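Q: Attaching a single structure in structure tokens format; questions to follow.
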2 protein chains.
Amino acid sequence: MDITAIEAAAERLKGHARRTPLLSSPFLDRIAGRRLLVKAECLQHTGSFKFRGAWSALSALDPDTRAKGVIAFSSGNHAQGVAAAARAYGVPAVIVMPADAPEAKVAGTRGLGAEVVLYDRATQDRDALGAQLATERGLTLIKPFDEPLVIAGQGTCGLEIAEQAAEAGVTEADVLVCCGGGGLTSGIALALEARAPGLRVRPAEPEGFDDVKRSLEAGRIERNAALSGNICDAIITPQPGNLTFPILHRLCGPGLAVSEEEALRAMRLAFRHLKIVAEPGGAVALAAALFRPSEISGDAVICTVSGGNVDPAIFARALALPEE
Amino acid sequence: MDITAIEAAAERLKGHARRTPLLSSPFLDRIAGRRLLVKAECLQHTGSFKFRGAWSALSALDPDTRAKGVIAFSSGNHAQGVAAAARAYGVPAVIVMPADAPEAKVAGTRGLGAEVVLYDRATQDRDALGAQLATERGLTLIKPFDEPLVIAGQGTCGLEIAEQAAEAGVTEADVLVCCGGGGLTSGIALALEARAPGLRVRPAEPEGFDDVKRSLEAGRIERNAALSGNICDAIITPQPGNLTFPILHRLCGPGLAVSEEEALRAMRLAFRHLKIVAEPGGAVALAAALFRPSEISGDAVICTVSGGNVDPAIFARALALPEE
């Protein structure tokens with residue numbers, strides 16, 4: 001994979017995905033101890049960057065294949081991205097979710113016109129169920145990250161960062177990216193390699209779920225010990241992808257990991273000073289930029305706020321924290 | 001005043017003010033009963049459109065005058081706009097605030113480098129105090145709305161709306177604008193008159209503080225009976241301005257007024273579906289777009305979210321409302 005796939009995705013996304021703003025605040029600069037630029041990808045359609053990858057994948061399908069519909073496994077941001085892209089194309093989307101997924105996520109995905117198929121985590125094999133549905137109905141599976149078209153779509157965020165950082169006069173900086181399976185992180189890394197070689201991507205993750213950080217240190221794919229029990233659920237995956245990891249390994253600097261409380265504090269500061277809504281998993285890169293100054297070098301740092309789909313009750317927890 | 005003043009302000013603001021995005025969500029379209037486009041001016045520097053007018057005014061001062069500094073009366077968004085613009089120019093800003101202003105607003109204004117002068121509402125004459133300071137130090141007063149340079153600055157928001165609505169394919173619609181003294185509303189109205197004549201501005205206000213709505217109906221300036229006791233405090237002024245009212249009267253359609261609860265519900269929906277932070281006064285136009293469908297005609301409606309400087313406790317009240 002290289003920049004040409006990302007450029008092609010950017011062509012397909014033109015007029016469909018939003019060019020999200022690169023925000024800043026002197027108050028956040030002060031906390032970070034350097035200039036801080038925030039790519040507000042929570043303002044993307046469906047509230048996260050996932051729309052980019054979904055649109056990239058759907059728009060590259062041949063029309064007859066696409067018309068039969070698409071299928072995805074997700075209870076979160078990828079589900080909404082795929083549902084919204086399918087809706088815009090007027091094609092069916094089937095989203096397979098665990099039966100215990102939060103009602104708001106089920107309703108949100110249905111609200112975007114998708115058919116939600118629920119399965120029982122204890123008794124049903126998700127992949128077998130999905131494969132059966134795909135075969136019966138001729139649906140195309142849209143993977144959440146380990147898929148070149150999806151990585152290329154997320155990479156369009158990196159093209160924008162390269163341009164917007166240059167407009168802001170920043171050509172040398174670490175770019176901290178919220179990292180789950182590595183689709184966004186590897187896509188941005190490929191885009192910056194070609195377009196802004198002075199910008200170096202570094203993955204940001206929740207403490208205890210830092211499989212990418214450890215994988216980069218080890219030079220081989222490491223797994224997370226657990227897959228739940230952290231409010232940053234949107235970016236917790238078992239391990240980096242087979243396609244994404246080699247890209248991350250080749251291009252990224254060391255990973256950073258932050259606590260749940262730091263993610264909540266970053267959410268509160270984004271509320272206060274940027275007026276954007278960040279979800280916990282979407283705030284880990286901002287938290288690292290703000291609260292890990294000694295692990296970052298240079299006069300400026302860039303980070304993504306990758307999503308804003310957060311329950312009001314969790315957001316209220318962030319609001320209740322004391323003023324920094 | 002006409003479009004040339006706004007175009008000149010836009011030139012001065014270039015590279016300094018943000019071009020804020022025009023957002024949308026299919027969920028909000030459904031509630032509004034038509035296509036809804038939201039100008040997210042809460043994402044402007046200092047969290048409100050006020051930065052535009054402040055920058056417009058400061059940038060038009062001759063350098064020697066500007067170097068002596070500026071003064072403003074405000075405990076809110078105008079204070080922060082003036083402070084940030086003065087800071088960028090490296091000139092002094094004095095902000096006169098009531099001694100009982102919320103500590104967060106005092107601290108926020110000081111955090112932007114301004115000198116805050118507190119006065120006692122009961123015993124001191126604010127205007128006399130300000131005039132004395134201005135004379136002693138040679139400061140230039142930056143009025144919050146009844147000043148052509150400020151109106152021209154706010155009008156740059158209207159230039160962007162004209163362009164962004166056209167890009168979205170919307171050329172005929174009501175444009176609901178959160179209205180206090182009328183600086184933003186009159187500036188946008190002037191911009192749209194010249195650049196998008198199919199877009200008609202209509203002021204939105206809190207119920208019980210709808211001086212502009214009543215003034216438009218009466219054809220002459222009407223005052224508010226009270227000046228406090230509503231969470232939309234940021235847009236409550238005694239009456240429309242002497243400069244702004246004739247513009248509003250000539251160009252605007254009928255006003256709309258919404259309840260405090262509707263403003264809070266609009267804040268929650270903006271959180272949920274747009275991932276932006278709206279303050280109550282900044283949410284009244286969105287509330288009108290969502291909850292007054294029968295008072296609006298056409299297939300599309302545009303509204304401003306004019307600011308996002310809200311106390312966490314009030315935002316938490318909005319979050320605690322039931323799902324729409």
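Here's how to read the names in the structure tokens: chain A, B, ... by the order shown, residue numbers from 1 in each chain, ligand numbers from 1 in the order shown.
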Hey, what's within 10 Å of stretch 270-276 of chain B if we count only C-alpha atoms and toss same-chain stuff fewer than 5 positions away? As a compact mmCIF listing (two decimals) with C-alpha atoms, in the first residue's frame, please?
A:
# COMPACT_ATOMS: atom_id res chain seq x y z
CA ALA A 40 -11.39 17.10 15.18
CA GLU A 41 -12.50 13.95 13.45
CA CYS A 42 -15.45 13.68 15.84
CA LEU A 43 -17.01 16.23 13.49
CA GLN A 44 -16.91 13.73 10.63
CA HIS A 45 -20.24 12.25 9.44
CA THR A 46 -21.52 9.70 12.00
CA GLY A 47 -19.26 11.22 14.64
CA SER A 48 -16.02 9.42 13.85
CA GLY A 108 -28.43 4.68 16.16
CA PHE A 271 -15.34 20.50 25.94
CA LEU A 274 -12.38 23.44 21.82
CA LYS A 275 -16.19 23.02 22.14
CA ILE A 276 -16.07 19.53 20.70
CA VAL A 277 -17.41 16.25 22.07
CA ALA A 278 -14.80 13.51 22.39
CA GLU A 279 -15.50 9.92 23.39
CA GLY A 307 -14.65 10.11 17.60
CA GLY A 308 -17.37 11.63 19.72
CA ASN A 309 -19.96 8.88 20.17
CA VAL A 310 -20.16 8.86 23.94
CA ASP A 311 -23.00 8.11 26.34
CA PRO A 312 -24.27 11.21 28.14
CA PHE A 315 -19.62 12.56 29.36
CA LEU B 23 -22.67 20.62 9.91
CA SER B 24 -25.68 18.35 9.51
CA SER B 25 -27.11 15.04 10.67
CA PRO B 26 -29.89 12.89 9.22
CA PHE B 27 -31.25 12.52 12.77
CA LEU B 28 -31.64 16.27 13.13
CA VAL B 38 -25.83 24.17 11.29
CA ALA B 40 -20.93 25.77 14.11
CA GLU B 41 -19.60 29.11 15.23
CA CYS B 42 -18.89 27.66 18.68
CA LEU B 43 -15.76 26.30 16.96
CA LEU B 264 -31.29 22.68 26.61
CA ARG B 265 -32.85 20.01 24.40
CA ALA B 283 -28.59 27.03 20.93
CA LEU B 286 -31.08 25.41 16.59
CA ALA B 287 -33.96 24.95 19.03
CA VAL B 305 -24.81 27.74 16.89
CA GLY B 308 -20.19 27.19 23.26
CA PHE B 315 -24.28 21.35 30.20
CA ALA B 318 -28.86 19.26 29.14
CA LEU B 319 -27.22 15.82 29.14
CA GLU B 323 -33.38 10.96 24.63
Q: Which residues, written as a PyMOL selection string, have at least one atom at most 7 Å from B:Thr244, with only C-alpha atoms counted and residues fewer than 2 positions away on the same chain left out?
A: chain B and resi 146+182-183+186+240-242+246-248
Q: Running DSSP on the backbone, which parts of stretch 243-305 of chain B land in alpha helix (DSSP H), as number ranges by chain?
A: B: 244-251, 260-273, 284-291
Q: Set the distance at 6 Å and use only C-alpha atoms: which residues neighbour stretch 225-236 of chain B once local chain neighbours fewer than 2 positions away are removed? I'd like the list as an MDAnalysis selection string.
A: chainID B and resid 180 280:281
Q: At a cut-off of 6 Å, using only C-alpha atoms, what residues contact stretch 109-120 of chain B? Leave out same-chain residues fewer than 4 positions from it and give the result as a PDB file with N, CA and C atoms, in the first residue's frame.
A:
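selection-v8.pdb written:
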ATOM      1  N   GLN B  80     -13.935  37.819  25.770  1.00  0.00           N
ATOM      2  CA  GLN B  80     -12.919  36.866  25.321  1.00  0.00           C
ATOM      3  C   GLN B  80     -12.473  37.160  23.888  1.00  0.00           C
ATOM      4  N   ALA B  83     -10.188  40.173  24.114  1.00  0.00           N
ATOM      5  CA  ALA B  83      -8.924  39.797  24.767  1.00  0.00           C
ATOM      6  C   ALA B  83      -8.029  39.000  23.818  1.00  0.00           C
ATOM      7  N   ALA B  84      -8.614  38.053  23.114  1.00  0.00           N
ATOM      8  CA  ALA B  84      -7.803  37.212  22.214  1.00  0.00           C
ATOM      9  C   ALA B  84      -7.258  38.017  21.038  1.00  0.00           C
ATOM     10  N   ALA B  93      -5.402  44.921  26.649  1.00  0.00           N
ATOM     11  CA  ALA B  93      -6.866  44.885  26.650  1.00  0.00           C
ATOM     12  C   ALA B  93      -7.329  45.019  28.093  1.00  0.00           C
ATOM     13  N   VAL B  94      -8.237  45.949  28.322  1.00  0.00           N
ATOM     14  CA  VAL B  94      -8.848  46.095  29.640  1.00  0.00           C
ATOM     15  C   VAL B  94     -10.310  45.689  29.500  1.00  0.00           C
ATOM     16  N   ILE B  95     -10.735  44.754  30.326  1.00  0.00           N
ATOM     17  CA  ILE B  95     -12.127  44.307  30.269  1.00  0.00           C
ATOM     18  C   ILE B  95     -12.791  44.679  31.593  1.00  0.00           C
ATOM     19  N   VAL B  96     -13.851  45.449  31.513  1.00  0.00           N
ATOM     20  CA  VAL B  96     -14.586  45.889  32.699  1.00  0.00           C
ATOM     21  C   VAL B  96     -15.739  44.922  32.944  1.00  0.00           C
ATOM     22  N   MET B  97     -15.718  44.294  34.107  1.00  0.00           N
ATOM     23  CA  MET B  97     -16.720  43.269  34.446  1.00  0.00           C
ATOM     24  C   MET B  97     -17.330  43.559  35.795  1.00  0.00           C
ATOM     25  N   PRO B  98     -18.575  43.165  36.000  1.00  0.00           N
ATOM     26  CA  PRO B  98     -19.153  43.266  37.344  1.00  0.00           C
ATOM     27  C   PRO B  98     -18.404  42.347  38.322  1.00  0.00           C
ATOM     28  N   ALA B  99     -18.287  42.819  39.557  1.00  0.00           N
ATOM     29  CA  ALA B  99     -17.516  42.066  40.555  1.00  0.00           C
ATOM     30  C   ALA B  99     -18.136  40.704  40.847  1.00  0.00           C
ATOM     31  N   GLN B 124     -21.191  51.508  41.677  1.00  0.00           N
ATOM     32  CA  GLN B 124     -20.321  52.165  40.694  1.00  0.00           C
ATOM     33  C   GLN B 124     -21.003  52.305  39.339  1.00  0.00           C
TER      34      GLN B 124
END
Q: Between atom CA of A:Gly181 and atom CA of A:Ala57, what is the spacing in Å?
A: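 Distance reported for this atom pair: 16.8 Å.
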Q: Determine the nearest neighbour of chain B from the options A:Ser259, A:Ser306, A:Thr185, A:Ser297, counting only C-alpha atoms.
A: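 Answer, going by the shortest atom-to-atom distance: A:Ser306.
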Q: Which residue, B:Glu136, B:Asp100, B:Asp29, B:Glu172, has the smallest gap to B:Ile71 when you use only C-alpha atoms?
A: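 Among B:Glu136, B:Asp100, B:Asp29, B:Glu172, it is B:Glu136 that comes nearest to B:Ile71.
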Q: Name the residues of stretch 23-87 of chain A that come out as strand (DSSP E) in a backbone DSSP run; write them as a ChimeraX atom specification.
A: /A:23,35-40,70-73
Q: To one decimal place, how far is atom CA of B:Ala67 from atom CA of B:Val91 in Å?
A: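 Distance reported for this atom pair: 5.4 Å.
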Q: I'd like to know which of A:Thr20, A:Ser56, A:Thr140, A:Ser215 is closest to chain B, using only C-alpha atoms.
A: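 Once distances to chain B are computed over only C-alpha atoms, the minimum belongs to A:Thr20.
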Q: Pick from A:Val70, A:Leu149, A:Ala107, A:Ala134: nearest to chain B, with only C-alpha atoms counted?
A: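 Checking each candidate against chain B, we get A:Ala107 as the closest.
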Q: With only C-alpha atoms as the counted atoms, please give the residues lying no more than 9 Å from A:His16, apart from itself and same-chain residues fewer than 4 positions off, as a list in words.
A: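 Residues near the query, excluding close chain neighbours: Arg12, His45, Arg52 and Trp55 of chain A.
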Q: For the selection you just gave me, I'd like the residues written to a file as a compact mmCIF listing (two decimals), in the first residue's frame, keeping N, CA, C and O atoms.
A:
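The resulting out13.txt:
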# COMPACT_ATOMS: atom_id res chain seq x y z
N ARG A 12 -12.53 9.73 -4.30
CA ARG A 12 -13.87 9.14 -4.13
C ARG A 12 -14.63 9.80 -2.98
O ARG A 12 -15.85 9.88 -2.99
N HIS A 45 -18.92 12.90 9.49
CA HIS A 45 -20.24 12.25 9.44
C HIS A 45 -20.24 11.01 10.34
O HIS A 45 -19.26 10.28 10.38
N ARG A 52 -14.93 7.60 6.77
CA ARG A 52 -13.98 7.70 5.64
C ARG A 52 -13.68 6.32 5.06
O ARG A 52 -13.75 6.11 3.84
N TRP A 55 -16.78 4.71 3.44
CA TRP A 55 -17.08 5.28 2.12
C TRP A 55 -16.05 4.84 1.08
O TRP A 55 -16.38 4.51 -0.06
